[in-house]
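Here's the structure, in structure tokens; my notes come after.
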Amino acid sequence: MNSYWKKFYNNEFVTMVLSFSVAAIAWEMAVGLFSIPQWLLPPPTAIVTEIYQSAGYLWQNTLVTIEEILLGFVLACVAGTLLGIVIAYSPVMGKTLYKFLVATQSVPKVAITPLLVVWLGLGMAPKIIMVFLLCFFPIMVNMVSGLQSVNRELLDLAEVMGADWLQSFLKIRFPAALPHLFNGLRVSISLAVIGAIISEFVCADQGLGYSLLVSSSQLKGPLTFSVVTILAFVGIALFSIVAWMEKLICPWAKTTAAEDRNNSEKNS
Amino acid sequence: MTTLLSLEGIKKTYWPASNQTITALGKIDLEVQDREFITIVGPSGCGKTTILKLISGVLKPTKGRILVEGIPLQNSHRQLLGMVFQQPALLPWRTVLDNVLLPCEVKGQDMHKARALAEELLGLVGLNNFINRNPRELSYGMQQRVSICRALISDPRILLMDEPFAALDAITRFEISRLLLEIWSVKKNTVLFVTHNIQEAVFLADRVVVMTPRPGRIASIVDVPLPRPRTEKHLYDPSFSSCAETIHQLLGLNAL
């Protein structure tokens, strides 16, 4: 009985559902107890009902936002990885371009969103570019540091084997840098959601950021909260996909961390 | 016996900063015979590893030249080389077998043949049951055995070993040393083996090269008169002790 109970609360999923349910019930009761108006704070039941009723509208806008996020993110992946490789391999680029890119990071990117609208119009382009700008840097930096922190002996090994540039890149340096790259991807995918919403705030006629802005200005509390809820789920889903891909593509990175933890537990 | 490898007046200087020079190697002259087992001992920082890096072509000598069978060292000589590092330096995303096969892939060799040879080598070092495992599942000593197999897969004429057993405990170290000698007696590569450990140096070698502190020079070359195959009995042989003592004194003398 005791061990059964232990298994039950050790299960991450169970504990998560449990804590969320407790929070939702408390919320529901608090709203009723203090008779808070719906436009200020709708109860969870009202949010769920709203999601159900406005499913079509929400779905449409979710697709728009996801499209912006994915296009910007993929673009940043390609550019960040390629530029990271160039910077890691070329000392000249490392000194000039890298310093320049680091310097541009001090400009708050959100501040240039209105400019992007002026330059690129009202369509999807400024949103995609904003997502790209936010995602690009973490990916590039991690690619560079991943390629540069490859074990010296592995590089010597490549040389002694007589591996050419491409072989040593494909067989040793790039795979060794992959766990670093995924660190960057995990940071970026969270930033991507923020980038899409922020740029929709500035100027848009569709998307979750747009619905958020419109519904809150019309004091449609339940709808606003529905959008926030959906955004949370989109964020979690995208992050999970990246984490899942990491597990699939470089399983050794995760096992290392898990083993280290196991070893330290054994030793202590 | 023929000379396989000769180092002629090798000097190596580093410039870590513009106003600073470090002479890692003074003047090294060394002739290595074909199928000889040479160990190199010396204090830390005397340039033992630098010698191996020069022979492997990873570094270029500042002065002097390296000849392989009378021909100055060039890139094509890498076909003759195998190297074992202080760390196993295995690729964690490859299985044990694929790690051993890496040099063959890079050199574009017949993978079917290479696979059979890799399995044979892994069998020799007692890892038949681990060929499809991930390196991380293996102990450190087992990983180092895998890296020896990787160095041997291309059947190198010259095997360079840079303190390969330094991180192992004494018992594992002795076991793996004996294993190395067993393989060497079959494969008959020429081995240059760098170590800090005098006992290990004497136990393995035909000749022990004793180096001075930086700038590294050869203090003396000590012949080991012990017969082969070597066993633990030789560790207690009077001539083993006298060799070890000679080396100890050579090292102690130069440290003063």
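Within each chain, counting starts at residue 1; across the structure tokens, chains are named A, B, ... in the order shown, with ligands numbered 1 upward in that order.
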**Request:** Specify as a PyMOL selection string all residues of chain B found within 7 Å of chain A, counting only C-alpha atoms.
**Result:** chain B and resi 56+58+78+89+92-93+103+106
**Fill in**
If you count only C-alpha atoms, the residue of A:Val74, A:Leu82, A:Met130, A:Leu97 closest to A:Val242 turns out to be A:Val74
**Request:** Please run DSSP on the backbone and report, as a ChimeraX atom specification, all residues within stretch 48-239 of chain A that come out as alpha helix (DSSP H).
**Result:** /A:48-53,55-89,91-104,113-120,125-148,152-160,165-168,174-202,208-217,221-239
Could the residues in this selection be written to a file with C-alpha atoms, as a compact mmCIF listing (two decimals), in the first residue's frame?
```txt
# COMPACT_ATOMS: atom_id res chain seq x y z
CA VAL A 48 -13.34 26.11 -20.94
CA THR A 49 -16.86 26.93 -22.18
CA GLU A 50 -15.52 29.87 -24.17
CA ILE A 51 -12.83 27.73 -25.82
CA TYR A 52 -15.52 25.24 -26.79
CA GLN A 53 -17.89 27.87 -28.14
CA ALA A 55 -13.34 26.87 -31.22
CA GLY A 56 -13.45 27.81 -34.92
CA TYR A 57 -12.32 31.39 -34.39
CA LEU A 58 -9.56 30.37 -31.98
CA TRP A 59 -8.35 27.54 -34.20
CA GLN A 60 -8.01 29.84 -37.22
CA ASN A 61 -5.99 32.39 -35.29
CA THR A 62 -3.86 29.72 -33.66
CA LEU A 63 -2.89 28.38 -37.08
CA VAL A 64 -1.82 31.84 -38.21
CA THR A 65 0.40 32.36 -35.17
CA ILE A 66 1.91 28.88 -35.38
CA GLU A 67 2.72 29.46 -39.02
CA GLU A 68 4.56 32.69 -38.17
CA ILE A 69 6.42 30.99 -35.32
CA LEU A 70 7.48 27.99 -37.37
CA LEU A 71 8.57 29.94 -40.45
CA GLY A 72 10.64 32.37 -38.36
CA PHE A 73 12.08 29.59 -36.26
CA VAL A 74 13.10 27.40 -39.19
CA LEU A 75 14.65 30.40 -40.90
CA ALA A 76 16.62 31.17 -37.72
CA CYS A 77 17.72 27.53 -37.44
CA VAL A 78 19.13 27.50 -40.94
CA ALA A 79 20.79 30.92 -40.72
CA GLY A 80 22.00 30.50 -37.13
CA THR A 81 23.53 27.10 -37.77
CA LEU A 82 25.22 28.10 -41.03
CA LEU A 83 26.57 31.37 -39.68
CA GLY A 84 27.68 29.60 -36.50
CA ILE A 85 29.69 27.16 -38.59
CA VAL A 86 31.28 29.97 -40.61
CA ILE A 87 32.20 31.90 -37.46
CA ALA A 88 33.57 28.84 -35.67
CA TYR A 89 35.76 27.88 -38.62
CA PRO A 91 39.12 33.29 -37.44
CA VAL A 92 38.48 36.46 -39.46
CA MET A 93 34.71 36.04 -39.30
CA GLY A 94 35.00 35.10 -35.65
CA LYS A 95 36.68 38.39 -34.88
CA THR A 96 34.62 40.75 -37.04
CA LEU A 97 31.16 39.36 -37.69
CA TYR A 98 30.77 37.75 -34.29
CA LYS A 99 31.62 40.96 -32.42
CA PHE A 100 29.22 42.87 -34.66
CA LEU A 101 26.39 40.43 -34.03
CA VAL A 102 26.99 40.48 -30.29
CA ALA A 103 26.91 44.28 -30.38
CA THR A 104 23.57 44.32 -32.23
CA THR A 113 8.77 45.98 -34.47
CA PRO A 114 7.04 49.19 -35.66
CA LEU A 115 9.94 49.70 -38.08
CA LEU A 116 9.50 46.21 -39.45
CA VAL A 117 5.85 47.02 -40.14
CA VAL A 118 6.88 50.18 -41.98
CA TRP A 119 9.45 48.29 -44.03
CA LEU A 120 7.63 45.03 -44.67
CA ALA A 125 6.54 39.16 -43.17
CA PRO A 126 7.26 41.49 -40.20
CA LYS A 127 6.05 38.79 -37.76
CA ILE A 128 8.23 36.12 -39.30
CA ILE A 129 11.23 38.46 -39.26
CA MET A 130 10.63 39.36 -35.61
CA VAL A 131 10.50 35.67 -34.67
CA PHE A 132 13.64 35.14 -36.72
CA LEU A 133 15.49 38.00 -35.01
CA LEU A 134 14.67 36.71 -31.54
CA CYS A 135 15.53 33.09 -32.35
CA PHE A 136 18.63 33.61 -34.42
CA PHE A 137 21.11 34.71 -31.77
CA PRO A 138 20.79 31.89 -29.21
CA ILE A 139 21.03 29.33 -32.01
CA MET A 140 24.14 30.92 -33.52
CA VAL A 141 25.93 31.44 -30.20
CA ASN A 142 25.34 27.85 -29.13
CA MET A 143 26.43 26.52 -32.50
CA VAL A 144 29.68 28.48 -32.23
CA SER A 145 30.40 27.43 -28.66
CA GLY A 146 29.48 23.84 -29.47
CA LEU A 147 31.89 23.67 -32.38
CA GLN A 148 34.64 25.40 -30.41
CA ARG A 152 41.08 18.58 -28.38
CA GLU A 153 41.91 14.87 -28.55
CA LEU A 154 38.99 14.24 -30.90
CA LEU A 155 40.38 16.85 -33.28
CA ASP A 156 43.87 15.33 -33.04
CA LEU A 157 42.29 11.97 -33.73
CA ALA A 158 40.68 13.31 -36.89
CA GLU A 159 44.04 14.67 -38.01
CA VAL A 160 45.97 11.49 -37.29
CA TRP A 165 37.80 19.07 -43.47
CA LEU A 166 34.39 17.71 -44.37
CA GLN A 167 34.94 14.32 -42.75
CA SER A 168 36.12 15.79 -39.50
CA PHE A 174 29.11 18.66 -35.82
CA PRO A 175 27.72 15.67 -33.92
CA ALA A 176 29.80 16.70 -30.89
CA ALA A 177 28.28 20.20 -31.10
CA LEU A 178 24.67 18.97 -31.44
CA PRO A 179 23.80 18.97 -27.72
CA HIS A 180 24.93 22.61 -27.55
CA LEU A 181 22.86 23.45 -30.62
CA PHE A 182 19.79 21.94 -28.98
CA ASN A 183 20.33 24.11 -25.92
CA GLY A 184 20.03 27.08 -28.28
CA LEU A 185 16.96 25.63 -29.99
CA ARG A 186 15.17 25.16 -26.67
CA VAL A 187 15.80 28.77 -25.69
CA SER A 188 14.77 29.97 -29.15
CA ILE A 189 11.49 28.13 -29.44
CA SER A 190 10.26 29.85 -26.27
CA LEU A 191 11.39 33.22 -27.62
CA ALA A 192 9.66 32.47 -30.93
CA VAL A 193 6.22 32.48 -29.29
CA ILE A 194 6.98 35.83 -27.64
CA GLY A 195 8.20 37.30 -30.94
CA ALA A 196 5.04 36.32 -32.81
CA ILE A 197 2.69 37.72 -30.15
CA ILE A 198 4.60 40.99 -29.73
CA SER A 199 4.62 41.68 -33.44
CA GLU A 200 0.92 40.86 -33.70
CA PHE A 201 0.29 43.37 -30.93
CA VAL A 202 1.87 46.10 -33.02
CA LEU A 208 -3.55 34.97 -31.32
CA GLY A 209 -1.80 38.22 -30.41
CA TYR A 210 -4.40 40.11 -32.40
CA SER A 211 -7.30 38.24 -30.72
CA LEU A 212 -5.72 38.90 -27.36
CA LEU A 213 -5.55 42.63 -28.03
CA VAL A 214 -9.08 42.91 -29.45
CA SER A 215 -10.78 40.74 -26.84
CA SER A 216 -9.14 42.52 -23.93
CA SER A 217 -9.98 45.96 -25.32
CA GLY A 221 -12.59 38.31 -20.20
CA PRO A 222 -13.29 34.66 -21.00
CA LEU A 223 -12.06 35.04 -24.60
CA THR A 224 -8.86 36.78 -23.48
CA PHE A 225 -8.16 34.01 -21.02
CA SER A 226 -8.92 31.38 -23.66
CA VAL A 227 -6.28 32.88 -25.91
CA VAL A 228 -3.77 32.98 -23.06
CA THR A 229 -4.52 29.34 -22.27
CA ILE A 230 -4.07 28.32 -25.89
CA LEU A 231 -0.81 30.27 -26.07
CA ALA A 232 0.47 28.40 -23.03
CA PHE A 233 -0.37 25.11 -24.69
CA VAL A 234 1.25 26.16 -27.97
CA GLY A 235 4.42 27.10 -26.06
CA ILE A 236 4.51 23.83 -24.16
CA ALA A 237 3.81 21.80 -27.31
CA LEU A 238 6.54 23.47 -29.36
CA PHE A 239 9.06 23.15 -26.53
```
**stretch 81-125 of chain B: residues DSSP assigns to strand (DSSP E or B), reported as an MDAnalysis selection string** = chainID B and resid 81:84
**Message:** For stretch 23-35 of chain A, find every residue with an atom within 8 Å (counting only C-alpha atoms), except residues of its own chain fewer than 6 positions away, and show them as a ChimeraX atom specification.
**Reply:** /A:41-45
Next, dump the selected residues to file, keeping only all heavy atoms, as a short mmCIF file (atom, residue, chain, number, x, y, z; two decimals), in the first residue's frame.
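Final file, again.cif:
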```cif
data_model
loop_
_atom_site.label_atom_id
_atom_site.label_comp_id
_atom_site.auth_asym_id
_atom_site.auth_seq_id
_atom_site.Cartn_x
_atom_site.Cartn_y
_atom_site.Cartn_z
N LEU A 41 -11.90 38.65 -14.07
CA LEU A 41 -11.28 37.33 -13.91
C LEU A 41 -12.33 36.26 -14.06
O LEU A 41 -13.11 36.00 -13.13
CB LEU A 41 -10.61 37.22 -12.52
CG LEU A 41 -9.86 35.92 -12.27
CD1 LEU A 41 -8.61 35.83 -13.14
CD2 LEU A 41 -9.48 35.80 -10.79
N PRO A 42 -12.41 35.64 -15.23
CA PRO A 42 -13.40 34.58 -15.42
C PRO A 42 -12.96 33.31 -14.71
O PRO A 42 -11.76 33.06 -14.60
CB PRO A 42 -13.40 34.38 -16.94
CG PRO A 42 -12.05 34.83 -17.38
CD PRO A 42 -11.57 35.87 -16.41
N PRO A 43 -13.89 32.51 -14.21
CA PRO A 43 -13.53 31.23 -13.60
C PRO A 43 -13.11 30.21 -14.67
O PRO A 43 -13.48 30.37 -15.83
CB PRO A 43 -14.83 30.79 -12.92
CG PRO A 43 -15.90 31.45 -13.72
CD PRO A 43 -15.32 32.75 -14.22
N PRO A 44 -12.36 29.18 -14.29
CA PRO A 44 -11.90 28.17 -15.25
C PRO A 44 -13.04 27.58 -16.08
O PRO A 44 -12.88 27.34 -17.28
CB PRO A 44 -11.26 27.11 -14.37
CG PRO A 44 -10.82 27.84 -13.16
CD PRO A 44 -11.81 28.96 -12.94
N THR A 45 -14.17 27.36 -15.46
CA THR A 45 -15.29 26.75 -16.21
C THR A 45 -15.73 27.67 -17.37
O THR A 45 -15.99 27.20 -18.48
CB THR A 45 -16.50 26.50 -15.30
OG1 THR A 45 -16.70 27.67 -14.49
CG2 THR A 45 -16.30 25.28 -14.42
#
```
**Request:** Rounded to one decimal place, report the atom CA of B:Ser139-atom CA of B:Gly45 distance in Å.
**Result:**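 It comes out at 28.5 Å.
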**Asked** Pick from B:Gly70, B:Pro215, B:Gly82, B:Gly126: nearest to B:Tyr14, with only C-alpha atoms counted?
**Response**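 Among the listed residues, B:Pro215 lies closest to B:Tyr14.
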**Asked** Excluding same-chain residues fewer than 3 positions from B:Val41, what lies within 6 Å of it counting only C-alpha atoms, as a list in words?
**Response**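 That gives Thr195, His196 and Val210 of chain B.
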